[in-house]
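Text of the file protein-v7.cif, holding mmCIF, N, CA and C atoms:
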data_start
#
loop_
_atom_site.label_atom_id
_atom_site.label_comp_id
_atom_site.auth_asym_id
_atom_site.auth_seq_id
_atom_site.Cartn_x
_atom_site.Cartn_y
_atom_site.Cartn_z
N MET A 994 -15.89 42.94 -4.79
CA MET A 994 -17.27 43.37 -4.76
C MET A 994 -17.39 44.69 -5.53
N GLU A 995 -18.42 44.80 -6.33
CA GLU A 995 -18.67 46.02 -7.09
C GLU A 995 -19.96 46.67 -6.61
N LEU A 996 -20.01 47.97 -6.71
CA LEU A 996 -21.18 48.73 -6.32
C LEU A 996 -21.79 49.33 -7.58
N ALA A 997 -23.10 49.14 -7.74
CA ALA A 997 -23.78 49.69 -8.92
C ALA A 997 -25.10 50.30 -8.49
N ARG A 998 -25.36 51.51 -9.00
CA ARG A 998 -26.60 52.22 -8.67
C ARG A 998 -27.43 52.55 -9.91
N THR A 999 -26.87 52.37 -11.07
CA THR A 999 -27.57 52.72 -12.30
C THR A 999 -27.55 51.52 -13.26
N PRO A 1000 -28.46 51.49 -14.22
CA PRO A 1000 -28.41 50.41 -15.23
C PRO A 1000 -27.06 50.37 -15.95
N ALA A 1001 -26.47 51.53 -16.23
CA ALA A 1001 -25.17 51.56 -16.91
C ALA A 1001 -24.09 50.92 -16.04
N GLN A 1002 -24.13 51.17 -14.74
CA GLN A 1002 -23.13 50.56 -13.86
C GLN A 1002 -23.33 49.06 -13.73
N ILE A 1003 -24.57 48.62 -13.71
CA ILE A 1003 -24.84 47.18 -13.71
C ILE A 1003 -24.31 46.57 -14.99
N GLY A 1004 -24.58 47.23 -16.11
CA GLY A 1004 -24.09 46.75 -17.40
C GLY A 1004 -22.58 46.64 -17.45
N ASN A 1005 -21.89 47.66 -16.92
CA ASN A 1005 -20.43 47.62 -16.89
C ASN A 1005 -19.93 46.48 -16.02
N ALA A 1006 -20.58 46.24 -14.90
CA ALA A 1006 -20.19 45.14 -14.02
C ALA A 1006 -20.38 43.79 -14.71
N VAL A 1007 -21.49 43.65 -15.42
CA VAL A 1007 -21.75 42.41 -16.17
C VAL A 1007 -20.68 42.23 -17.24
N ARG A 1008 -20.37 43.28 -17.98
CA ARG A 1008 -19.35 43.20 -19.04
C ARG A 1008 -18.00 42.78 -18.47
N ARG A 1009 -17.59 43.42 -17.36
CA ARG A 1009 -16.30 43.07 -16.75
C ARG A 1009 -16.27 41.61 -16.31
N ALA A 1010 -17.36 41.14 -15.68
CA ALA A 1010 -17.41 39.75 -15.22
C ALA A 1010 -17.39 38.79 -16.40
N ARG A 1011 -18.10 39.14 -17.47
CA ARG A 1011 -18.12 38.28 -18.67
C ARG A 1011 -16.73 38.18 -19.28
N LYS A 1012 -16.08 39.32 -19.43
CA LYS A 1012 -14.75 39.33 -20.03
C LYS A 1012 -13.73 38.61 -19.15
N LYS A 1013 -13.88 38.74 -17.83
CA LYS A 1013 -12.99 38.04 -16.91
C LYS A 1013 -13.06 36.53 -17.11
N ARG A 1014 -14.25 36.04 -17.47
CA ARG A 1014 -14.44 34.62 -17.75
C ARG A 1014 -13.98 34.24 -19.15
N GLY A 1015 -13.70 35.24 -19.97
CA GLY A 1015 -13.31 34.96 -21.35
C GLY A 1015 -14.48 34.61 -22.25
N TRP A 1016 -15.67 35.02 -21.84
CA TRP A 1016 -16.88 34.71 -22.60
C TRP A 1016 -17.24 35.83 -23.56
N SER A 1017 -17.83 35.45 -24.67
CA SER A 1017 -18.45 36.42 -25.57
C SER A 1017 -19.87 36.71 -25.05
N GLN A 1018 -20.51 37.69 -25.64
CA GLN A 1018 -21.91 37.95 -25.29
C GLN A 1018 -22.77 36.74 -25.63
N THR A 1019 -22.44 36.07 -26.72
CA THR A 1019 -23.19 34.87 -27.12
C THR A 1019 -23.02 33.76 -26.08
N ASP A 1020 -21.79 33.59 -25.59
CA ASP A 1020 -21.54 32.58 -24.55
C ASP A 1020 -22.39 32.85 -23.31
N LEU A 1021 -22.39 34.11 -22.87
CA LEU A 1021 -23.18 34.47 -21.68
C LEU A 1021 -24.66 34.28 -21.96
N GLY A 1022 -25.10 34.68 -23.14
CA GLY A 1022 -26.50 34.49 -23.49
C GLY A 1022 -26.90 33.03 -23.44
N THR A 1023 -26.06 32.17 -23.96
CA THR A 1023 -26.34 30.73 -23.93
C THR A 1023 -26.42 30.23 -22.49
N ALA A 1024 -25.47 30.64 -21.66
CA ALA A 1024 -25.45 30.21 -20.26
C ALA A 1024 -26.68 30.70 -19.50
N ALA A 1025 -27.18 31.89 -19.86
CA ALA A 1025 -28.32 32.48 -19.16
C ALA A 1025 -29.66 32.18 -19.85
N GLY A 1026 -29.61 31.51 -21.00
CA GLY A 1026 -30.84 31.21 -21.73
C GLY A 1026 -31.43 32.46 -22.41
N LEU A 1027 -30.55 33.35 -22.85
CA LEU A 1027 -30.99 34.61 -23.47
C LEU A 1027 -30.30 34.80 -24.82
N ARG A 1028 -30.83 35.72 -25.60
CA ARG A 1028 -30.21 36.05 -26.88
C ARG A 1028 -29.02 36.98 -26.65
N GLN A 1029 -28.07 36.96 -27.56
CA GLN A 1029 -26.91 37.85 -27.50
C GLN A 1029 -27.37 39.30 -27.47
N GLU A 1030 -28.41 39.61 -28.19
CA GLU A 1030 -28.91 40.99 -28.24
C GLU A 1030 -29.36 41.47 -26.87
N THR A 1031 -29.92 40.57 -26.07
CA THR A 1031 -30.35 40.93 -24.72
C THR A 1031 -29.15 41.24 -23.84
N ILE A 1032 -28.10 40.45 -23.97
CA ILE A 1032 -26.87 40.70 -23.21
C ILE A 1032 -26.29 42.06 -23.60
N SER A 1033 -26.31 42.36 -24.89
CA SER A 1033 -25.81 43.66 -25.35
C SER A 1033 -26.61 44.80 -24.74
N LEU A 1034 -27.93 44.68 -24.71
CA LEU A 1034 -28.76 45.73 -24.12
C LEU A 1034 -28.44 45.94 -22.64
N ILE A 1035 -28.25 44.84 -21.92
CA ILE A 1035 -27.92 44.94 -20.49
C ILE A 1035 -26.57 45.63 -20.32
N GLU A 1036 -25.58 45.21 -21.10
CA GLU A 1036 -24.24 45.76 -20.96
C GLU A 1036 -24.16 47.23 -21.34
N THR A 1037 -25.05 47.69 -22.18
CA THR A 1037 -25.05 49.11 -22.55
C THR A 1037 -25.94 49.94 -21.64
N GLY A 1038 -26.49 49.32 -20.60
CA GLY A 1038 -27.25 50.06 -19.61
C GLY A 1038 -28.69 50.34 -19.98
N HIS A 1039 -29.24 49.55 -20.89
CA HIS A 1039 -30.65 49.72 -21.27
C HIS A 1039 -31.50 49.48 -20.03
N GLY A 1040 -32.29 50.46 -19.65
CA GLY A 1040 -33.02 50.41 -18.39
C GLY A 1040 -34.27 49.55 -18.38
N ALA A 1041 -34.66 48.98 -19.51
CA ALA A 1041 -35.91 48.23 -19.56
C ALA A 1041 -35.75 46.74 -19.27
N ALA A 1042 -34.55 46.29 -18.96
CA ALA A 1042 -34.35 44.86 -18.67
C ALA A 1042 -35.11 44.47 -17.40
N LYS A 1043 -35.77 43.34 -17.46
CA LYS A 1043 -36.51 42.85 -16.29
C LYS A 1043 -35.54 42.39 -15.20
N LEU A 1044 -35.96 42.55 -13.98
CA LEU A 1044 -35.14 42.11 -12.85
C LEU A 1044 -34.84 40.62 -12.97
N GLU A 1045 -35.81 39.84 -13.37
CA GLU A 1045 -35.61 38.40 -13.54
C GLU A 1045 -34.49 38.12 -14.55
N THR A 1046 -34.43 38.90 -15.61
CA THR A 1046 -33.40 38.74 -16.63
C THR A 1046 -32.03 39.08 -16.05
N ILE A 1047 -31.95 40.19 -15.34
CA ILE A 1047 -30.68 40.59 -14.71
C ILE A 1047 -30.21 39.51 -13.73
N LEU A 1048 -31.12 39.01 -12.93
CA LEU A 1048 -30.75 37.97 -11.96
C LEU A 1048 -30.27 36.70 -12.65
N GLY A 1049 -30.88 36.36 -13.78
CA GLY A 1049 -30.44 35.19 -14.55
C GLY A 1049 -29.03 35.38 -15.09
N VAL A 1050 -28.74 36.57 -15.58
CA VAL A 1050 -27.40 36.86 -16.09
C VAL A 1050 -26.37 36.81 -14.97
N LEU A 1051 -26.70 37.41 -13.84
CA LEU A 1051 -25.79 37.37 -12.69
C LEU A 1051 -25.54 35.93 -12.25
N SER A 1052 -26.58 35.13 -12.21
CA SER A 1052 -26.43 33.73 -11.82
C SER A 1052 -25.53 32.98 -12.80
N ALA A 1053 -25.70 33.21 -14.09
CA ALA A 1053 -24.86 32.55 -15.09
C ALA A 1053 -23.40 32.91 -14.92
N LEU A 1054 -23.14 34.11 -14.39
CA LEU A 1054 -21.77 34.55 -14.15
C LEU A 1054 -21.25 34.17 -12.76
N GLY A 1055 -22.08 33.49 -11.98
CA GLY A 1055 -21.69 33.11 -10.63
C GLY A 1055 -21.70 34.29 -9.68
N LEU A 1056 -22.56 35.29 -9.97
CA LEU A 1056 -22.67 36.48 -9.14
C LEU A 1056 -24.03 36.53 -8.48
N GLU A 1057 -24.17 37.40 -7.49
CA GLU A 1057 -25.45 37.57 -6.82
C GLU A 1057 -25.69 39.04 -6.53
N LEU A 1058 -26.93 39.37 -6.34
CA LEU A 1058 -27.33 40.74 -6.00
C LEU A 1058 -27.44 40.83 -4.49
N ARG A 1059 -26.82 41.85 -3.92
CA ARG A 1059 -26.90 42.09 -2.48
C ARG A 1059 -27.49 43.47 -2.25
N ILE A 1060 -28.35 43.57 -1.27
CA ILE A 1060 -28.97 44.84 -0.91
C ILE A 1060 -28.33 45.31 0.39
N SER A 1061 -27.87 46.57 0.40
CA SER A 1061 -27.25 47.11 1.60
C SER A 1061 -27.58 48.60 1.70
N PRO A 1062 -27.36 49.19 2.87
CA PRO A 1062 -27.59 50.62 3.01
C PRO A 1062 -26.74 51.41 2.01
N ARG A 1063 -27.31 52.47 1.50
CA ARG A 1063 -26.64 53.31 0.51
C ARG A 1063 -25.51 54.09 1.17
N THR A 1064 -24.38 54.18 0.47
CA THR A 1064 -23.26 54.99 0.94
C THR A 1064 -23.45 56.41 0.43
N THR A 1065 -22.57 57.31 0.82
CA THR A 1065 -22.71 58.70 0.42
C THR A 1065 -21.96 59.04 -0.86
N SER A 1066 -21.29 58.09 -1.47
CA SER A 1066 -20.57 58.34 -2.72
C SER A 1066 -21.54 58.59 -3.86
N SER A 1067 -21.13 59.41 -4.80
CA SER A 1067 -21.96 59.67 -5.97
C SER A 1067 -21.77 58.56 -6.99
N ALA A 1068 -22.67 58.46 -7.94
CA ALA A 1068 -22.57 57.46 -9.01
C ALA A 1068 -21.28 57.64 -9.79
N ALA A 1069 -20.86 58.89 -10.03
CA ALA A 1069 -19.62 59.15 -10.76
C ALA A 1069 -18.41 58.68 -9.96
N ASP A 1070 -18.44 58.88 -8.65
CA ASP A 1070 -17.34 58.41 -7.79
C ASP A 1070 -17.22 56.90 -7.86
N ILE A 1071 -18.34 56.22 -7.85
CA ILE A 1071 -18.35 54.76 -7.88
C ILE A 1071 -17.79 54.26 -9.21
N GLU A 1072 -18.25 54.83 -10.31
CA GLU A 1072 -17.80 54.39 -11.62
C GLU A 1072 -16.30 54.67 -11.80
N ALA A 1073 -15.81 55.72 -11.20
CA ALA A 1073 -14.39 56.08 -11.30
C ALA A 1073 -13.49 55.02 -10.65
N LEU A 1074 -14.04 54.23 -9.74
CA LEU A 1074 -13.26 53.18 -9.09
C LEU A 1074 -12.89 52.06 -10.06
N PHE A 1075 -13.67 51.94 -11.15
CA PHE A 1075 -13.46 50.84 -12.09
C PHE A 1075 -12.89 51.39 -13.34
#
In structure tokens, what does this structure look like?
Amino acid sequence: MELARTPAQIGNAVRRARKKRGWSQTDLGTAAGLRQETISLIETGHGAAKLETILGVLSALGLELRISPRTTSSAADIEALF
């Protein structure tokens, strides 16, 4: 399980999951019904991605979004775990 609080952390999580599957950005885009450029924007932490788009990418990777109470760790502490 990964914890993400920022668009950049979500992007990093998507990139790691994509690479773990051995997929290119184009492969993920095809699976999610999106352009490669959109996958690139998400992976670089572009904050304007729609929630629906993020959820589609997560679904294509076999992942899901979970909502839970916030921990006291900082964003930097969380990213340092990965």
Which value, in Å to one decimal, gives the distance between atom CA of Thr1023 of chain A and atom CA of Gln1002 of chain A? 22.5 Å
Residues within 10 Å of Ala1041 of chain A, please, as a VMD selection string. Count only C-alpha atoms; anything in the same chain fewer than 6 positions from it doesn't count. chain A and resid 1000 1034 to 1035
From a DSSP pass on the backbone, collect the residues of chain A flagged as helix (DSSP H, G or I) and hand them back as a PyMOL selection string. chain A and resi 1000-1014+1018-1025+1029-1036+1044-1053+1068-1073
Output for the residues just chosen: N, CA and C atoms as a compact mmCIF listing (two decimals), in the frame of the given file:
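Contents of part-v9.txt, freshly written:
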# COMPACT_ATOMS: atom_id res chain seq x y z
N PRO A 1000 -28.46 51.49 -14.22
CA PRO A 1000 -28.41 50.41 -15.23
C PRO A 1000 -27.06 50.37 -15.95
N ALA A 1001 -26.47 51.53 -16.23
CA ALA A 1001 -25.17 51.56 -16.91
C ALA A 1001 -24.09 50.92 -16.04
N GLN A 1002 -24.13 51.17 -14.74
CA GLN A 1002 -23.13 50.56 -13.86
C GLN A 1002 -23.33 49.06 -13.73
N ILE A 1003 -24.57 48.62 -13.71
CA ILE A 1003 -24.84 47.18 -13.71
C ILE A 1003 -24.31 46.57 -14.99
N GLY A 1004 -24.58 47.23 -16.11
CA GLY A 1004 -24.09 46.75 -17.40
C GLY A 1004 -22.58 46.64 -17.45
N ASN A 1005 -21.89 47.66 -16.92
CA ASN A 1005 -20.43 47.62 -16.89
C ASN A 1005 -19.93 46.48 -16.02
N ALA A 1006 -20.58 46.24 -14.90
CA ALA A 1006 -20.19 45.14 -14.02
C ALA A 1006 -20.38 43.79 -14.71
N VAL A 1007 -21.49 43.65 -15.42
CA VAL A 1007 -21.75 42.41 -16.17
C VAL A 1007 -20.68 42.23 -17.24
N ARG A 1008 -20.37 43.28 -17.98
CA ARG A 1008 -19.35 43.20 -19.04
C ARG A 1008 -18.00 42.78 -18.47
N ARG A 1009 -17.59 43.42 -17.36
CA ARG A 1009 -16.30 43.07 -16.75
C ARG A 1009 -16.27 41.61 -16.31
N ALA A 1010 -17.36 41.14 -15.68
CA ALA A 1010 -17.41 39.75 -15.22
C ALA A 1010 -17.39 38.79 -16.40
N ARG A 1011 -18.10 39.14 -17.47
CA ARG A 1011 -18.12 38.28 -18.67
C ARG A 1011 -16.73 38.18 -19.28
N LYS A 1012 -16.08 39.32 -19.43
CA LYS A 1012 -14.75 39.33 -20.03
C LYS A 1012 -13.73 38.61 -19.15
N LYS A 1013 -13.88 38.74 -17.83
CA LYS A 1013 -12.99 38.04 -16.91
C LYS A 1013 -13.06 36.53 -17.11
N ARG A 1014 -14.25 36.04 -17.47
CA ARG A 1014 -14.44 34.62 -17.75
C ARG A 1014 -13.98 34.24 -19.15
N GLN A 1018 -20.51 37.69 -25.64
CA GLN A 1018 -21.91 37.95 -25.29
C GLN A 1018 -22.77 36.74 -25.63
N THR A 1019 -22.44 36.07 -26.72
CA THR A 1019 -23.19 34.87 -27.12
C THR A 1019 -23.02 33.76 -26.08
N ASP A 1020 -21.79 33.59 -25.59
CA ASP A 1020 -21.54 32.58 -24.55
C ASP A 1020 -22.39 32.85 -23.31
N LEU A 1021 -22.39 34.11 -22.87
CA LEU A 1021 -23.18 34.47 -21.68
C LEU A 1021 -24.66 34.28 -21.96
N GLY A 1022 -25.10 34.68 -23.14
CA GLY A 1022 -26.50 34.49 -23.49
C GLY A 1022 -26.90 33.03 -23.44
N THR A 1023 -26.06 32.17 -23.96
CA THR A 1023 -26.34 30.73 -23.93
C THR A 1023 -26.42 30.23 -22.49
N ALA A 1024 -25.47 30.64 -21.66
CA ALA A 1024 -25.45 30.21 -20.26
C ALA A 1024 -26.68 30.70 -19.50
N ALA A 1025 -27.18 31.89 -19.86
CA ALA A 1025 -28.32 32.48 -19.16
C ALA A 1025 -29.66 32.18 -19.85
N GLN A 1029 -28.07 36.96 -27.56
CA GLN A 1029 -26.91 37.85 -27.50
C GLN A 1029 -27.37 39.30 -27.47
N GLU A 1030 -28.41 39.61 -28.19
CA GLU A 1030 -28.91 40.99 -28.24
C GLU A 1030 -29.36 41.47 -26.87
N THR A 1031 -29.92 40.57 -26.07
CA THR A 1031 -30.35 40.93 -24.72
C THR A 1031 -29.15 41.24 -23.84
N ILE A 1032 -28.10 40.45 -23.97
CA ILE A 1032 -26.87 40.70 -23.21
C ILE A 1032 -26.29 42.06 -23.60
N SER A 1033 -26.31 42.36 -24.89
CA SER A 1033 -25.81 43.66 -25.35
C SER A 1033 -26.61 44.80 -24.74
N LEU A 1034 -27.93 44.68 -24.71
CA LEU A 1034 -28.76 45.73 -24.12
C LEU A 1034 -28.44 45.94 -22.64
N ILE A 1035 -28.25 44.84 -21.92
CA ILE A 1035 -27.92 44.94 -20.49
C ILE A 1035 -26.57 45.63 -20.32
N GLU A 1036 -25.58 45.21 -21.10
CA GLU A 1036 -24.24 45.76 -20.96
C GLU A 1036 -24.16 47.23 -21.34
N LEU A 1044 -35.96 42.55 -13.98
CA LEU A 1044 -35.14 42.11 -12.85
C LEU A 1044 -34.84 40.62 -12.97
N GLU A 1045 -35.81 39.84 -13.37
CA GLU A 1045 -35.61 38.40 -13.54
C GLU A 1045 -34.49 38.12 -14.55
N THR A 1046 -34.43 38.90 -15.61
CA THR A 1046 -33.40 38.74 -16.63
C THR A 1046 -32.03 39.08 -16.05
N ILE A 1047 -31.95 40.19 -15.34
CA ILE A 1047 -30.68 40.59 -14.71
C ILE A 1047 -30.21 39.51 -13.73
N LEU A 1048 -31.12 39.01 -12.93
CA LEU A 1048 -30.75 37.97 -11.96
C LEU A 1048 -30.27 36.70 -12.65
N GLY A 1049 -30.88 36.36 -13.78
CA GLY A 1049 -30.44 35.19 -14.55
C GLY A 1049 -29.03 35.38 -15.09
N VAL A 1050 -28.74 36.57 -15.58
CA VAL A 1050 -27.40 36.86 -16.09
C VAL A 1050 -26.37 36.81 -14.97
N LEU A 1051 -26.70 37.41 -13.84
CA LEU A 1051 -25.79 37.37 -12.69
C LEU A 1051 -25.54 35.93 -12.25
N SER A 1052 -26.58 35.13 -12.21
CA SER A 1052 -26.43 33.73 -11.82
C SER A 1052 -25.53 32.98 -12.80
N ALA A 1053 -25.70 33.21 -14.09
CA ALA A 1053 -24.86 32.55 -15.09
C ALA A 1053 -23.40 32.91 -14.92
N ALA A 1068 -22.67 58.46 -7.94
CA ALA A 1068 -22.57 57.46 -9.01
C ALA A 1068 -21.28 57.64 -9.79
N ALA A 1069 -20.86 58.89 -10.03
CA ALA A 1069 -19.62 59.15 -10.76
C ALA A 1069 -18.41 58.68 -9.96
N ASP A 1070 -18.44 58.88 -8.65
CA ASP A 1070 -17.34 58.41 -7.79
C ASP A 1070 -17.22 56.90 -7.86
N ILE A 1071 -18.34 56.22 -7.85
CA ILE A 1071 -18.35 54.76 -7.88
C ILE A 1071 -17.79 54.26 -9.21
N GLU A 1072 -18.25 54.83 -10.31
CA GLU A 1072 -17.80 54.39 -11.62
C GLU A 1072 -16.30 54.67 -11.80
N ALA A 1073 -15.81 55.72 -11.20
CA ALA A 1073 -14.39 56.08 -11.30
C ALA A 1073 -13.49 55.02 -10.65
Near segment 1053-1055 of chain A, within 6 Å and counting only N, CA and C atoms, which residues show up once chain neighbours fewer than 4 positions away are dropped, as a VMD selection string? chain A and resid 1024 to 1025 1048 to 1049
Give as a ChimeraX atom specification the residues that the PyMOL selection byres (((chain A and resi 999 and name CA) around 10) and name CA) matches when applied to the coordinates above. /A:996-998,1000-1005,1038-1040,1068,1072
Interatomic distance, atom C of Ser1017 of chain A to atom CA of Gln1029 of chain A (Å, one decimal): 7.5 Å
